[in-house]
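Structure file entry_9.cif with mmCIF, C-alpha atoms:
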data_work
loop_
_atom_site.group_PDB
_atom_site.id
_atom_site.type_symbol
_atom_site.label_atom_id
_atom_site.label_comp_id
_atom_site.auth_asym_id
_atom_site.auth_seq_id
_atom_site.Cartn_x
_atom_site.Cartn_y
_atom_site.Cartn_z
ATOM 1 C CA MET A 1 0.000 0.000 0.000
ATOM 2 C CA LYS A 2 2.874 2.381 0.778
ATOM 3 C CA LYS A 3 4.391 1.767 -2.669
ATOM 4 C CA THR A 4 1.160 2.873 -4.359
ATOM 5 C CA VAL A 5 0.974 6.062 -2.320
ATOM 6 C CA LEU A 6 4.633 6.784 -2.979
ATOM 7 C CA ALA A 7 4.327 6.383 -6.729
ATOM 8 C CA SER A 8 1.255 8.618 -6.926
ATOM 9 C CA SER A 9 2.806 11.315 -4.768
ATOM 10 C CA LEU A 10 6.079 11.354 -6.662
ATOM 11 C CA GLY A 11 4.236 11.541 -9.967
ATOM 12 C CA LEU A 12 2.281 14.510 -8.699
ATOM 13 C CA LEU A 13 5.495 16.084 -7.448
ATOM 14 C CA LEU A 14 7.186 15.865 -10.826
ATOM 15 C CA ALA A 15 4.104 17.130 -12.616
ATOM 16 C CA VAL A 16 3.768 20.166 -10.371
ATOM 17 C CA GLY A 17 7.495 20.854 -10.617
ATOM 18 C CA THR A 18 7.244 20.848 -14.407
ATOM 19 C CA LEU A 19 4.517 23.473 -14.270
ATOM 20 C CA GLY A 20 6.766 25.741 -12.274
ATOM 21 C CA THR A 21 4.767 25.814 -9.062
ATOM 22 C CA PRO A 22 6.462 28.264 -6.690
ATOM 23 C CA LEU A 23 8.217 26.912 -3.636
ATOM 24 C CA VAL A 24 6.448 27.303 -0.310
ATOM 25 C CA HIS A 25 8.828 27.556 2.639
ATOM 26 C CA ALA A 26 7.809 25.897 5.880
ATOM 27 C CA ASP A 27 8.971 27.233 9.234
ATOM 28 C CA VAL A 28 9.447 25.168 12.395
ATOM 29 C CA GLN A 29 7.587 27.145 15.034
ATOM 30 C CA GLU A 30 6.857 26.019 18.571
ATOM 31 C CA ASN A 31 6.832 27.945 21.841
ATOM 32 C CA ASN A 32 8.063 31.079 20.042
ATOM 33 C CA VAL A 33 11.146 29.314 18.646
ATOM 34 C CA ILE A 34 11.289 29.701 14.861
ATOM 35 C CA GLN A 35 13.683 28.082 12.395
ATOM 36 C CA THR A 36 13.263 29.981 9.157
ATOM 37 C CA SER A 37 14.254 29.014 5.657
ATOM 38 C CA THR A 38 17.932 29.298 4.815
ATOM 39 C CA VAL A 39 17.210 29.891 1.117
ATOM 40 C CA LYS A 40 17.245 33.624 0.426
ATOM 41 C CA GLU A 41 15.834 35.531 -2.501
ATOM 42 C CA GLY A 42 18.465 35.938 -5.161
ATOM 43 C CA ASP A 43 20.442 32.846 -4.233
ATOM 44 C CA VAL A 44 21.874 31.031 -7.229
ATOM 45 C CA GLY A 45 20.914 27.373 -7.557
ATOM 46 C CA ILE A 46 17.957 25.033 -7.644
ATOM 47 C CA ASP A 47 15.181 25.625 -5.136
ATOM 48 C CA PRO A 48 14.816 22.717 -2.720
ATOM 49 C CA TYR A 49 11.697 20.560 -2.743
ATOM 50 C CA THR A 50 10.551 18.063 -0.142
ATOM 51 C CA LEU A 51 7.746 15.543 0.004
ATOM 52 C CA ILE A 52 7.876 12.878 2.724
ATOM 53 C CA VAL A 53 5.227 10.219 2.141
ATOM 54 C CA ALA A 54 6.094 7.816 4.967
ATOM 55 C CA ALA A 55 8.455 8.131 7.910
ATOM 56 C CA ASN A 56 9.742 6.219 10.899
ATOM 57 C CA GLY A 57 11.826 7.857 13.617
ATOM 58 C CA ASN A 58 13.709 6.178 16.428
ATOM 59 C CA LEU A 59 15.411 7.633 19.510
ATOM 60 C CA GLU A 60 17.632 5.708 21.913
ATOM 61 C CA GLY A 61 19.980 6.876 24.616
ATOM 62 C CA GLN A 62 21.628 6.459 27.964
ATOM 63 C CA MET A 63 22.390 8.781 30.856
ATOM 64 C CA VAL A 64 25.491 8.652 33.044
ATOM 65 C CA PRO A 65 24.611 10.728 36.134
ATOM 66 C CA TYR A 66 27.030 13.429 37.245
ATOM 67 C CA ILE A 67 29.348 12.745 40.176
ATOM 68 C CA GLU A 68 31.429 15.751 41.155
ATOM 69 C CA GLY A 69 35.111 15.245 40.462
ATOM 70 C CA LEU A 70 34.642 12.465 37.890
ATOM 71 C CA ASP A 71 35.140 13.887 34.398
ATOM 72 C CA PHE A 72 33.530 10.978 32.560
ATOM 73 C CA THR A 73 30.179 11.419 34.337
ATOM 74 C CA GLY A 74 27.280 13.768 33.650
ATOM 75 C CA LYS A 75 26.652 12.760 30.054
ATOM 76 C CA MET A 76 23.498 12.094 28.058
ATOM 77 C CA ASP A 77 24.082 10.126 24.858
ATOM 78 C CA LEU A 78 21.295 10.207 22.266
ATOM 79 C CA HIS A 79 21.133 8.157 19.069
ATOM 80 C CA TYR A 80 18.500 9.275 16.550
ATOM 81 C CA SER A 81 17.603 7.753 13.202
ATOM 82 C CA ALA A 82 14.837 8.406 10.688
ATOM 83 C CA GLN A 83 13.928 6.428 7.579
ATOM 84 C CA ASN A 84 11.874 8.419 5.092
ATOM 85 C CA TYR A 85 10.168 7.583 1.803
ATOM 86 C CA GLY A 86 9.476 10.274 -0.729
ATOM 87 C CA PHE A 87 11.589 12.931 -2.371
ATOM 88 C CA VAL A 88 14.141 15.476 -1.117
ATOM 89 C CA ASP A 89 15.985 17.729 -3.554
ATOM 90 C CA GLY A 90 18.830 19.738 -2.048
ATOM 91 C CA ASP A 91 16.978 20.460 1.182
ATOM 92 C CA ILE A 92 18.262 21.268 4.662
ATOM 93 C CA GLY A 93 16.595 19.815 7.723
ATOM 94 C CA VAL A 94 16.476 20.717 11.398
ATOM 95 C CA LEU A 95 16.616 18.096 14.151
ATOM 96 C CA MET A 96 15.008 19.397 17.314
ATOM 97 C CA ILE A 97 15.808 17.719 20.621
ATOM 98 C CA LYS A 98 13.332 18.862 23.233
ATOM 99 C CA LEU A 99 15.013 18.798 26.628
ATOM 100 C CA PRO A 100 13.465 17.654 29.901
ATOM 101 C CA GLU A 101 11.849 20.396 31.945
ATOM 102 C CA GLN A 102 14.425 19.744 34.668
ATOM 103 C CA PHE A 103 17.229 20.940 32.353
ATOM 104 C CA LYS A 104 15.811 24.434 31.915
ATOM 105 C CA PHE A 105 18.243 26.067 34.368
ATOM 106 C CA VAL A 106 21.407 24.745 32.709
ATOM 107 C CA ALA A 107 20.089 25.068 29.143
ATOM 108 C CA SER A 108 19.247 28.750 29.694
ATOM 109 C CA VAL A 109 22.953 29.620 29.917
ATOM 110 C CA PRO A 110 24.344 30.518 26.448
ATOM 111 C CA ASP A 111 27.513 28.434 26.960
ATOM 112 C CA PHE A 112 25.417 25.266 27.179
ATOM 113 C CA ALA A 113 25.582 24.775 23.386
ATOM 114 C CA LYS A 114 29.371 24.403 23.585
ATOM 115 C CA HIS A 115 28.905 21.181 25.552
ATOM 116 C CA ILE A 116 26.891 19.455 22.811
ATOM 117 C CA THR A 117 28.967 17.303 20.454
ATOM 118 C CA GLY A 118 28.599 14.371 18.068
ATOM 119 C CA ASN A 119 27.803 14.061 14.376
ATOM 120 C CA VAL A 120 24.781 14.211 12.086
ATOM 121 C CA SER A 121 24.406 12.536 8.693
ATOM 122 C CA ALA A 122 21.931 12.747 5.804
ATOM 123 C CA LYS A 123 21.621 10.689 2.635
ATOM 124 C CA THR A 124 22.728 12.050 -0.728
ATOM 125 C CA ILE A 125 22.962 10.485 -4.185
ATOM 126 C CA LEU A 126 26.639 9.630 -3.683
ATOM 127 C CA GLY A 127 26.285 8.296 -0.144
ATOM 128 C CA HIS A 128 25.945 10.285 3.051
ATOM 129 C CA ASN A 129 26.781 13.847 3.974
ATOM 130 C CA THR A 130 28.151 13.778 7.533
ATOM 131 C CA GLU A 131 29.053 16.798 9.642
ATOM 132 C CA PRO A 132 30.279 17.172 13.232
ATOM 133 C CA ILE A 133 27.947 18.816 15.729
ATOM 134 C CA SER A 134 29.513 22.080 16.851
ATOM 135 C CA PRO A 135 28.461 25.622 17.839
ATOM 136 C CA GLU A 136 28.298 26.401 14.105
ATOM 137 C CA ASN A 137 25.302 24.106 13.513
ATOM 138 C CA VAL A 138 23.617 23.847 16.916
ATOM 139 C CA GLN A 139 21.472 26.339 18.817
ATOM 140 C CA SER A 140 20.341 25.898 22.404
ATOM 141 C CA TYR A 141 17.307 27.301 24.173
ATOM 142 C CA SER A 142 15.912 26.794 27.662
ATOM 143 C CA ASP A 143 13.769 23.870 26.540
ATOM 144 C CA ARG A 144 15.436 22.504 23.374
ATOM 145 C CA ILE A 145 18.396 22.308 21.059
ATOM 146 C CA LEU A 146 18.231 22.720 17.278
ATOM 147 C CA ILE A 147 20.747 20.884 15.092
ATOM 148 C CA THR A 148 21.068 21.720 11.391
ATOM 149 C CA VAL A 149 21.003 18.586 9.236
ATOM 150 C CA PRO A 150 23.353 18.537 6.198
ATOM 151 C CA THR A 151 21.868 19.044 2.745
ATOM 152 C CA SER A 152 19.880 16.005 1.557
ATOM 153 C CA LEU A 153 19.327 14.807 -2.007
ATOM 154 C CA TRP A 154 17.459 11.561 -2.673
ATOM 155 C CA ILE A 155 14.380 9.980 -4.201
ATOM 156 C CA GLY A 156 12.679 6.841 -2.915
ATOM 157 C CA GLN A 157 14.235 6.102 0.480
ATOM 158 C CA GLY A 158 16.387 8.431 2.540
ATOM 159 C CA ASP A 159 17.640 8.574 6.075
ATOM 160 C CA VAL A 160 19.013 10.896 8.729
ATOM 161 C CA THR A 161 21.105 9.760 11.679
ATOM 162 C CA ALA A 162 22.562 11.673 14.603
ATOM 163 C CA ASP A 163 24.799 10.700 17.516
ATOM 164 C CA ILE A 164 24.585 13.398 20.175
ATOM 165 C CA THR A 165 26.416 13.772 23.476
ATOM 166 C CA ILE A 166 25.204 16.359 25.984
ATOM 167 C CA ASP A 167 28.088 16.854 28.423
ATOM 168 C CA TYR A 168 26.091 18.497 31.189
ATOM 169 C CA GLY A 169 28.659 17.283 33.734
ATOM 170 C CA GLY A 170 31.367 19.394 32.115
ATOM 171 C CA PHE A 171 28.929 22.291 32.168
ATOM 172 C CA LEU A 172 28.096 21.813 35.880
ATOM 173 C CA ALA A 173 31.809 21.765 36.670
ATOM 174 C CA GLN A 174 31.848 25.407 35.519
ATOM 175 C CA TYR A 175 28.478 26.307 37.063
ATOM 176 C CA PRO A 176 28.196 24.052 40.144
ATOM 177 C CA THR A 177 25.317 25.967 41.703
ATOM 178 C CA LEU A 178 22.901 25.307 38.821
ATOM 179 C CA PRO A 179 20.368 22.609 39.731
ATOM 180 C CA ILE A 180 18.963 19.702 37.733
ATOM 181 C CA PRO A 181 16.011 18.410 39.787
ATOM 182 C CA ASP A 182 15.170 14.726 39.976
ATOM 183 C CA ALA A 183 12.622 13.261 37.559
ATOM 184 C CA PRO A 184 10.606 10.504 39.313
ATOM 185 C CA MET A 185 9.353 9.131 35.980
ATOM 186 C CA GLY A 186 12.693 9.526 34.207
ATOM 187 C CA TYR A 187 13.963 12.421 32.113
ATOM 188 C CA GLU A 188 11.955 12.953 28.928
ATOM 189 C CA PHE A 189 13.763 13.721 25.654
ATOM 190 C CA GLN A 190 11.876 14.255 22.390
ATOM 191 C CA ALA A 191 13.275 14.280 18.853
ATOM 192 C CA GLN A 192 11.590 15.913 15.869
ATOM 193 C CA LEU A 193 12.894 16.215 12.296
ATOM 194 C CA LYS A 194 11.658 19.020 10.028
ATOM 195 C CA TYR A 195 12.781 19.961 6.540
ATOM 196 C CA ASP A 196 13.329 23.552 5.500
ATOM 197 C CA SER A 197 10.906 23.502 2.584
ATOM 198 C CA ALA A 198 7.851 21.645 1.376
ATOM 199 C CA MET A 199 5.648 21.813 -1.707
ATOM 200 C CA TRP A 200 2.460 22.805 0.088
ATOM 201 C CA ASP A 201 1.674 24.286 3.492
ATOM 202 C CA VAL A 202 -0.530 21.300 4.289
ATOM 203 C CA ILE A 203 2.299 18.825 3.684
ATOM 204 C CA THR A 204 5.022 19.869 6.095
ATOM 205 C CA ASP A 205 4.883 16.545 7.955
ATOM 206 C CA PRO A 206 4.981 12.969 6.635
ATOM 207 C CA ILE A 207 1.691 11.674 5.241
ATOM 208 C CA ILE A 208 2.138 8.294 6.935
ATOM 209 C CA GLY A 209 4.041 7.769 10.171
ATOM 210 C CA THR A 210 6.262 10.295 11.909
ATOM 211 C CA ASP A 211 9.903 11.231 12.381
ATOM 212 C CA ASN A 212 9.151 12.189 15.993
ATOM 213 C CA GLU A 213 10.175 9.984 18.905
ATOM 214 C CA THR A 214 10.238 10.213 22.717
ATOM 215 C CA LEU A 215 12.689 8.702 25.191
ATOM 216 C CA PHE A 216 12.460 8.398 28.981
ATOM 217 C CA THR A 217 15.675 7.650 30.844
ATOM 218 C CA THR A 218 15.834 4.880 33.420
ATOM 219 C CA ASP A 219 17.842 7.189 35.680
ATOM 220 C CA THR A 220 15.692 9.484 37.796
ATOM 221 C CA SER A 221 18.586 11.580 39.195
ATOM 222 C CA ALA A 222 20.937 13.463 36.873
ATOM 223 C CA ILE A 223 23.250 14.384 39.761
ATOM 224 C CA TYR A 224 24.562 12.052 42.435
ATOM 225 C CA LYS A 225 25.788 13.645 45.630
#
Would you write out, as structure tokens, the structure that this file holds?
Amino acid sequence: MKKTVLASSLGLLLAVGTLGTPLVHADVQENNVIQTSTVKEGDVGIDPYTLIVAANGNLEGQMVPYIEGLDFTGKMDLHYSAQNYGFVDGDIGVLMIKLPEQFKFVASVPDFAKHITGNVSAKTILGHNTEPISPENVQSYSDRILITVPTSLWIGQGDVTADITIDYGGFLAQYPTLPIPDAPMGYEFQAQLKYDSAMWDVITDPIIGTDNETLFTTDTSAIYK
């Protein structure tokens, strides 16, 4: 059934593209945080197009609670992957990691973004475009981090993967008075993948399935004293 939907949607995509339908840019907007299009008027090149018919996101991870004086503690490792079916032509995506409410005090400090490392990869025709996660492609807010996904170019099946380490222990070593309260049900992390552009306003999310995923940690205390 998915193959039928995919074929019809891709056929419609190519037909509309041939007619010169103008590109509609889709913004990621939630709680007053907006990620706007990176394609500016007058840029030279082909406008990006995106149509995700079916999607499946997965988020796994592990927390190592912080123990003062031990450098290898206070880390949250996240492993995200998304398998998509559809069409992406030269588009840039944004991977949003929504942080647990208990992290709002540490994440509100601008330096927090410097303690987020890892790599993010997106499929292209010749393989995968992989980039390190650094202050150049990550933004942090009190309730989330936004990671820019490398340019994607594929038709049929594509994927995005990200390995993320949040070194909140290294951050607390600099700001020891900042609290991270306990989470009796575990710390909740959410991942959401959005592309920079889409053909129509009504199709900014996958038609079938979702790239979104939620993870609860088994640890209920981020700091051991």
Matched chain/residue IDs from the PyMOL selection byres ((chain A and resi 220) around 8), as a VMD selection string: chain A and resid 182 to 187 217 to 219 221 to 222
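For the choices A:Ala107, A:Ile67, A:Val94, A:Val53, the atom-to-atom distance to Ala162 (chain A) is smallest for A:Val94 when using all atoms listed in the file.
Across the structure, CA of Pro100 (chain A) and CA of Tyr80 (chain A) are spaced 16.5 Å apart.
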Carefully work through the PyMOL selection byres ((chain A and resi 68) around 10) for this structure and note down the residues it includes, as a PDB file with C-alpha atoms, in the coordinates of the input.
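The resulting selection_3.pdb:
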ATOM      1  CA  PRO A  65      24.611  10.728  36.134  1.00  0.00           C
ATOM      2  CA  TYR A  66      27.030  13.429  37.245  1.00  0.00           C
ATOM      3  CA  ILE A  67      29.348  12.745  40.176  1.00  0.00           C
ATOM      4  CA  GLY A  69      35.111  15.245  40.462  1.00  0.00           C
ATOM      5  CA  LEU A  70      34.642  12.465  37.890  1.00  0.00           C
ATOM      6  CA  ASP A  71      35.140  13.887  34.398  1.00  0.00           C
ATOM      7  CA  THR A  73      30.179  11.419  34.337  1.00  0.00           C
ATOM      8  CA  GLY A  74      27.280  13.768  33.650  1.00  0.00           C
ATOM      9  CA  GLY A 169      28.659  17.283  33.734  1.00  0.00           C
ATOM     10  CA  GLY A 170      31.367  19.394  32.115  1.00  0.00           C
ATOM     11  CA  LEU A 172      28.096  21.813  35.880  1.00  0.00           C
ATOM     12  CA  ALA A 173      31.809  21.765  36.670  1.00  0.00           C
ATOM     13  CA  PRO A 176      28.196  24.052  40.144  1.00  0.00           C
ATOM     14  CA  ILE A 223      23.250  14.384  39.761  1.00  0.00           C
ATOM     15  CA  TYR A 224      24.562  12.052  42.435  1.00  0.00           C
ATOM     16  CA  LYS A 225      25.788  13.645  45.630  1.00  0.00           C
TER      17      LYS A 225
END
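Computed from the coordinates, the CA of Met96 (chain A) to CA of Asp211 (chain A) distance equals 10.8 Å.
Minimum atom-to-atom distances from A:Glu188, A:Glu213, A:Glu131, A:Glu101 to Ile147 (chain A) were compared using all atoms listed in the file, and the lowest value belongs to A:Glu131.
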